[in-house]
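Visitor: So that we are looking at the same thing, I have put the structure below in structure tokens.
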Amino acid sequence: MREPVELRRQRILSVVESRGAVKVSALAAELDVSVVTIRRDVEELARDGRLRRGHGVARPVREPVPTAAVPAARGEEPAGDAGAVALVVPERHTYLYETLHGARSVLEESGIRIALHIAPPSAGAERPLVERALADGARGLLIAPRWRSAHSEELDYGWLANVGVPTVLMERRPRPGSALHALDSVCSDHWYGTHLAVEHLVSLGHRRIVLAARDDSPTARSIRKAFAEIAAARPEVEDWTVVLSSPQAASGPGPDSPAPAADGRTALDLAALLRERGATGAVLHGDVDALMLVQRLAESGVEVPRDCSVVAYDDVVAALGSTPLTAVAPPKAEIGRAAAELLLHRLSGGAGATGPVRRTELLPTLEVRGSAQEPPRSTE
């Protein structure tokens, strides 16, 4: 199914706002969309006042604030990224781009130059980017590794624990007891976010609930684990199950990965699953999958919220569907701001800068928009 137009435009805004002026042709190549489509998107975004456009170039509405570079030692030429803080985030990840913007605002206000590195979707892509940033003189690191599977996460533990500069993980919580356990991190409390979703549905009277979730990120795995724990512990919940929200949502083969659809490509038939389980409520992760699943429900004659109540998880584009979705909203920008503030604390050299490791958790909120209501009454 095609990517929603508004999500693509949000991705365009994320790139432009993080880098400044960007050529339309470069946007098309990075987002894997035709130049014609990107040009049309840029024109619409400019018409709405969300960016500015020039001849073949898209520009942010507000140009990046000039930031002060750290002076080089006398007689030395400053390196390209000397004194900068390196930010490493996955390519095409709108959720974490919001986190990036939060970090950027804090660093720019402090006069710290930013070196942004976008990691492609290949395994281990972050390490060479970090090594390059360190070779260029980066003095600190903010990073959100992709970590599609638990195995890929553990492969990064060794080198990431020894980068040699102050480092803060954003929206990532390493395995307890691992080499990264004692690394500063700032993360959403996804257990609490999942609790908010289940509590909302239960309070409306839903007793049979489905979680359709991704499994290709630490956030996805946290939500799946939390939902199973919370649903099993709630006496009101009579039946629950966890399935993949889309065939592309799997993290790959492994003991912690659920089985994909029979042919590896068939989309989840959520309507059939709801009928089979007698479920009246669903939690859907992430937003794009949620919007697509709601569209498929409508095509199958299942109306949201009349026949099925839905709570989405992420709240990046949940409000933009034809049915605006109630959604759990992790504090994405605040995660970036808190991570940047912690890194600045480590870089300050002041009292307490070398104090205990900090593992900060921020609580998500629930944005109620009307996609959930009391379950339909039985006609039996």
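Following the order of the structure tokens, chains are lettered A, B, ..., residues in each are numbered from 1, and ligands are numbered from 1.
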Please identify every residue of region 278-370 of chain A that has at least one atom no farther than 10 Å from an atom of region 233-253 of chain A, counting only C-alpha atoms, and for each give the shortest atom pair and the distance in Å to one decimal, arranged by chain then increasing number, as JSON lines.
Guide:
```
{"residue": "A:Gly278", "atom": "CA", "partner": "A:Asp239", "partner_atom": "CA", "distance": 8.6}
{"residue": "A:Ala279", "atom": "CA", "partner": "A:Asp239", "partner_atom": "CA", "distance": 7.8}
{"residue": "A:Gly281", "atom": "CA", "partner": "A:Trp240", "partner_atom": "CA", "distance": 9.7}
{"residue": "A:Ala282", "atom": "CA", "partner": "A:Trp240", "partner_atom": "CA", "distance": 9.5}
{"residue": "A:Val283", "atom": "CA", "partner": "A:Val242", "partner_atom": "CA", "distance": 9.6}
{"residue": "A:Leu284", "atom": "CA", "partner": "A:Ser245", "partner_atom": "CA", "distance": 7.0}
{"residue": "A:His285", "atom": "CA", "partner": "A:Ser245", "partner_atom": "CA", "distance": 6.9}
{"residue": "A:Gly286", "atom": "CA", "partner": "A:Ser245", "partner_atom": "CA", "distance": 8.1}
{"residue": "A:Val288", "atom": "CA", "partner": "A:Ser245", "partner_atom": "CA", "distance": 9.9}
{"residue": "A:Asp289", "atom": "CA", "partner": "A:Ser245", "partner_atom": "CA", "distance": 6.3}
{"residue": "A:Ala290", "atom": "CA", "partner": "A:Ser245", "partner_atom": "CA", "distance": 7.8}
{"residue": "A:Met292", "atom": "CA", "partner": "A:Ser246", "partner_atom": "CA", "distance": 9.4}
{"residue": "A:Leu293", "atom": "CA", "partner": "A:Ser245", "partner_atom": "CA", "distance": 7.9}
```
Visitor: Write out the residues from the selection above, keeping all heavy atoms, as a PDB file, in the first residue's frame.
Guide:
```pdb
ATOM      1  N   GLY A 278     -13.564 -12.680  18.632  1.00  0.00           N
ATOM      2  CA  GLY A 278     -14.653 -11.947  19.253  1.00  0.00           C
ATOM      3  C   GLY A 278     -14.180 -10.644  19.876  1.00  0.00           C
ATOM      4  O   GLY A 278     -14.788 -10.140  20.828  1.00  0.00           O
ATOM      5  N   ALA A 279     -13.075 -10.099  19.348  1.00  0.00           N
ATOM      6  CA  ALA A 279     -12.472  -8.892  19.922  1.00  0.00           C
ATOM      7  C   ALA A 279     -13.211  -7.641  19.466  1.00  0.00           C
ATOM      8  O   ALA A 279     -13.662  -7.543  18.324  1.00  0.00           O
ATOM      9  CB  ALA A 279     -11.003  -8.805  19.528  1.00  0.00           C
ATOM     10  N   GLY A 281     -11.774  -4.478  20.625  1.00  0.00           N
ATOM     11  CA  GLY A 281     -10.795  -3.409  20.783  1.00  0.00           C
ATOM     12  C   GLY A 281      -9.450  -3.831  20.221  1.00  0.00           C
ATOM     13  O   GLY A 281      -9.100  -5.022  20.242  1.00  0.00           O
ATOM     14  N   ALA A 282      -8.689  -2.853  19.712  1.00  0.00           N
ATOM     15  CA  ALA A 282      -7.373  -3.150  19.146  1.00  0.00           C
ATOM     16  C   ALA A 282      -6.404  -2.026  19.459  1.00  0.00           C
ATOM     17  O   ALA A 282      -6.750  -0.843  19.393  1.00  0.00           O
ATOM     18  CB  ALA A 282      -7.466  -3.344  17.632  1.00  0.00           C
ATOM     19  N   VAL A 283      -5.178  -2.414  19.803  1.00  0.00           N
ATOM     20  CA  VAL A 283      -4.059  -1.477  19.932  1.00  0.00           C
ATOM     21  C   VAL A 283      -3.158  -1.726  18.727  1.00  0.00           C
ATOM     22  O   VAL A 283      -2.779  -2.882  18.463  1.00  0.00           O
ATOM     23  CB  VAL A 283      -3.282  -1.705  21.242  1.00  0.00           C
ATOM     24  CG1 VAL A 283      -2.139  -0.692  21.361  1.00  0.00           C
ATOM     25  CG2 VAL A 283      -4.214  -1.604  22.445  1.00  0.00           C
ATOM     26  N   LEU A 284      -2.833  -0.671  17.981  1.00  0.00           N
ATOM     27  CA  LEU A 284      -2.106  -0.825  16.718  1.00  0.00           C
ATOM     28  C   LEU A 284      -0.811  -0.021  16.748  1.00  0.00           C
ATOM     29  O   LEU A 284      -0.821   1.180  16.990  1.00  0.00           O
ATOM     30  CB  LEU A 284      -2.975  -0.362  15.542  1.00  0.00           C
ATOM     31  CG  LEU A 284      -4.373  -0.985  15.438  1.00  0.00           C
ATOM     32  CD1 LEU A 284      -5.112  -0.409  14.238  1.00  0.00           C
ATOM     33  CD2 LEU A 284      -4.289  -2.504  15.341  1.00  0.00           C
ATOM     34  N   HIS A 285       0.313  -0.690  16.504  1.00  0.00           N
ATOM     35  CA  HIS A 285       1.633  -0.045  16.471  1.00  0.00           C
ATOM     36  C   HIS A 285       2.293  -0.388  15.148  1.00  0.00           C
ATOM     37  O   HIS A 285       2.325  -1.539  14.738  1.00  0.00           O
ATOM     38  CB  HIS A 285       2.499  -0.550  17.627  1.00  0.00           C
ATOM     39  CG  HIS A 285       3.928  -0.109  17.538  1.00  0.00           C
ATOM     40  ND1 HIS A 285       4.922  -0.914  17.022  1.00  0.00           N
ATOM     41  CD2 HIS A 285       4.521   1.055  17.881  1.00  0.00           C
ATOM     42  CE1 HIS A 285       6.076  -0.275  17.072  1.00  0.00           C
ATOM     43  NE2 HIS A 285       5.852   0.926  17.597  1.00  0.00           N
ATOM     44  N   GLY A 286       2.878   0.596  14.409  1.00  0.00           N
ATOM     45  CA  GLY A 286       2.869   2.019  14.690  1.00  0.00           C
ATOM     46  C   GLY A 286       1.782   2.732  13.893  1.00  0.00           C
ATOM     47  O   GLY A 286       0.904   2.113  13.299  1.00  0.00           O
ATOM     48  N   VAL A 288       1.531   4.388  10.957  1.00  0.00           N
ATOM     49  CA  VAL A 288       1.263   4.135   9.534  1.00  0.00           C
ATOM     50  C   VAL A 288       0.546   2.804   9.376  1.00  0.00           C
ATOM     51  O   VAL A 288      -0.448   2.696   8.650  1.00  0.00           O
ATOM     52  CB  VAL A 288       2.564   4.151   8.717  1.00  0.00           C
ATOM     53  CG1 VAL A 288       2.285   3.771   7.264  1.00  0.00           C
ATOM     54  CG2 VAL A 288       3.206   5.537   8.776  1.00  0.00           C
ATOM     55  N   ASP A 289       1.036   1.781  10.071  1.00  0.00           N
ATOM     56  CA  ASP A 289       0.358   0.485  10.033  1.00  0.00           C
ATOM     57  C   ASP A 289      -1.066   0.619  10.554  1.00  0.00           C
ATOM     58  O   ASP A 289      -1.997   0.000  10.031  1.00  0.00           O
ATOM     59  CB  ASP A 289       1.121  -0.542  10.871  1.00  0.00           C
ATOM     60  CG  ASP A 289       2.441  -0.952  10.244  1.00  0.00           C
ATOM     61  OD1 ASP A 289       2.598  -0.759   9.027  1.00  0.00           O
ATOM     62  OD2 ASP A 289       3.319  -1.450  10.965  1.00  0.00           O
ATOM     63  N   ALA A 290      -1.248   1.439  11.601  1.00  0.00           N
ATOM     64  CA  ALA A 290      -2.583   1.629  12.170  1.00  0.00           C
ATOM     65  C   ALA A 290      -3.534   2.228  11.141  1.00  0.00           C
ATOM     66  O   ALA A 290      -4.666   1.747  10.968  1.00  0.00           O
ATOM     67  CB  ALA A 290      -2.504   2.525  13.404  1.00  0.00           C
ATOM     68  N   MET A 292      -3.312   2.138   7.894  1.00  0.00           N
ATOM     69  CA  MET A 292      -3.556   1.162   6.828  1.00  0.00           C
ATOM     70  C   MET A 292      -4.518   0.073   7.281  1.00  0.00           C
ATOM     71  O   MET A 292      -5.418  -0.342   6.528  1.00  0.00           O
ATOM     72  CB  MET A 292      -2.230   0.559   6.372  1.00  0.00           C
ATOM     73  CG  MET A 292      -1.332   1.536   5.640  1.00  0.00           C
ATOM     74  SD  MET A 292       0.229   0.772   5.140  1.00  0.00           S
ATOM     75  CE  MET A 292       0.954   2.096   4.166  1.00  0.00           C
ATOM     76  N   LEU A 293      -4.353  -0.392   8.523  1.00  0.00           N
ATOM     77  CA  LEU A 293      -5.243  -1.438   9.032  1.00  0.00           C
ATOM     78  C   LEU A 293      -6.668  -0.924   9.178  1.00  0.00           C
ATOM     79  O   LEU A 293      -7.627  -1.640   8.889  1.00  0.00           O
ATOM     80  CB  LEU A 293      -4.722  -1.960  10.372  1.00  0.00           C
ATOM     81  CG  LEU A 293      -3.486  -2.865  10.289  1.00  0.00           C
ATOM     82  CD1 LEU A 293      -2.911  -3.117  11.678  1.00  0.00           C
ATOM     83  CD2 LEU A 293      -3.822  -4.180   9.610  1.00  0.00           C
TER      84      LEU A 293
END
```
Visitor: With only C-alpha atoms as the counted atoms, please give the residues lying no more than 8 Å from region 364-380 of chain A, apart from itself and same-chain residues fewer than 6 positions off, as a ChimeraX atom specification.
Guide: /A:188-190,192-193,196-197,201,204-206,280-281,304-311,319,323-331
Visitor: Please report, as number ranges by chain, each residue of region 118-306 of chain A to which DSSP assigns strand (DSSP E or B) when run on this structure's backbone.
Guide: A: 118-119, 140-143, 167-170, 185-188, 208-213, 239-244, 281-285
Visitor: Identify, on the basis of only C-alpha atoms, every residue whose closest approach to Thr167 (chain A) does not exceed 8 Å; exclude the query and any residue fewer than 4 positions from it along the same chain; express the result as a tab-separated table (two decimals) with all heavy atoms, in the first residue's frame.
Guide:
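Generated output (result-v4.tsv):
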```tsv
chain	number	residue	atom	x	y	z
A	140	GLY	N	31.15	14.62	21.35
A	140	GLY	CA	30.04	13.97	22.04
A	140	GLY	C	29.16	13.27	21.03
A	140	GLY	O	29.21	13.55	19.82
A	141	LEU	N	28.33	12.33	21.52
A	141	LEU	CA	27.51	11.52	20.63
A	141	LEU	C	26.11	11.34	21.20
A	141	LEU	O	25.94	10.94	22.35
A	141	LEU	CB	28.16	10.15	20.43
A	141	LEU	CG	27.36	9.08	19.66
A	141	LEU	CD1	27.15	9.51	18.21
A	141	LEU	CD2	28.09	7.73	19.71
A	142	LEU	N	25.10	11.66	20.38
A	142	LEU	CA	23.71	11.30	20.64
A	142	LEU	C	23.32	10.30	19.58
A	142	LEU	O	23.46	10.58	18.38
A	142	LEU	CB	22.80	12.53	20.57
A	142	LEU	CG	22.98	13.60	21.63
A	142	LEU	CD1	22.13	14.83	21.29
A	142	LEU	CD2	22.60	13.08	23.01
A	143	ILE	N	22.80	9.15	19.98
A	143	ILE	CA	22.56	8.09	18.99
A	143	ILE	C	21.30	7.31	19.31
A	143	ILE	O	20.99	7.04	20.47
A	143	ILE	CB	23.79	7.14	18.92
A	143	ILE	CG1	23.59	6.08	17.82
A	143	ILE	CG2	24.09	6.51	20.27
A	143	ILE	CD1	24.85	5.27	17.51
A	163	VAL	N	33.35	4.16	22.80
A	163	VAL	CA	33.59	5.18	21.77
A	163	VAL	C	34.56	6.26	22.25
A	163	VAL	O	35.16	6.96	21.45
A	163	VAL	CB	32.28	5.83	21.29
A	163	VAL	CG1	31.40	4.80	20.61
A	163	VAL	CG2	31.52	6.49	22.44
A	183	LEU	N	25.42	3.08	30.47
A	183	LEU	CA	25.57	4.19	29.53
A	183	LEU	C	24.38	5.12	29.70
A	183	LEU	O	23.24	4.65	29.83
A	183	LEU	CB	25.62	3.67	28.09
A	183	LEU	CG	25.99	4.70	27.01
A	183	LEU	CD1	27.43	5.13	27.13
A	183	LEU	CD2	25.75	4.11	25.61
A	184	ASP	N	24.62	6.41	29.71
A	184	ASP	CA	23.52	7.36	29.84
A	184	ASP	C	22.48	7.11	28.76
A	184	ASP	O	22.82	6.89	27.59
A	184	ASP	CB	24.04	8.80	29.69
A	184	ASP	CG	24.82	9.27	30.92
A	184	ASP	OD1	24.49	8.86	32.04
A	184	ASP	OD2	25.76	10.06	30.74
A	343	LEU	N	23.78	15.32	27.76
A	343	LEU	CA	25.10	15.33	27.10
A	343	LEU	C	25.84	16.64	27.41
A	343	LEU	O	27.05	16.62	27.68
A	343	LEU	CB	24.93	15.15	25.59
A	343	LEU	CG	26.25	15.05	24.81
A	343	LEU	CD1	27.03	13.80	25.23
A	343	LEU	CD2	25.99	15.01	23.31
```
Visitor: Assign secondary structure with DSSP using the backbone only, and return the residues of region 250-377 of chain A in alpha helix (DSSP H) as number ranges by chain.
Guide: A: 270-277, 287-299, 332-347
Visitor: In Å, how far is it from CA of Val85 (chain A) to CA of Arg127 (chain A)?
Guide: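 According to the coordinates, CA of Val85 (chain A) and CA of Arg127 (chain A) are separated by 15.7 Å.
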Visitor: I need the residue nearest Arg92 (chain A) from this list: A:Asp32, A:Glu43, A:Glu276, A:Glu6. Use only C-alpha atoms for the distance.
Guide: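 Going through A:Asp32, A:Glu43, A:Glu276, A:Glu6 one by one, the smallest distance to Arg92 (chain A) is for A:Asp32.
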Visitor: Using Å and a single decimal, report how far CA of Val22 (chain A) sits from CA of Arg52 (chain A).
Guide: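 Distance reported for this atom pair: 10.8 Å.
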Visitor: My list of candidates is A:Ser105, A:Arg224, A:Leu274, A:Arg173. Which is closest to Ile209 (chain A) when distances are computed with only C-alpha atoms?
Guide: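 Ranked by minimum distance to Ile209 (chain A), first place goes to A:Leu274.
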Visitor: What's around Thr360 (chain A) at 8 Å? Count only C-alpha atoms, leave out sequence neighbours fewer than 2 positions away in its own chain, and write the answer as a list in words.
Guide: Ser185, Val186, Cys187, Arg358 and Leu362 of chain A
Visitor: Find the residue from A:His195, A:His181, A:Arg208, A:Arg146 that sits nearest to Lys225 (chain A); use only C-alpha atoms when measuring.
Guide: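 Checking each candidate against Lys225 (chain A), we get A:His195 as the closest.
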Visitor: One number please: CA of Val165 (chain A) to CA of Arg139 (chain A), in Å, one decimal.
Guide: 5.9 Å
Visitor: Leaving out Pro60 (chain A) and any residue of its chain fewer than 3 positions from it, which residues lie within 10 Å of it when counting only C-alpha atoms, given as a count of residues only?
Guide: 18
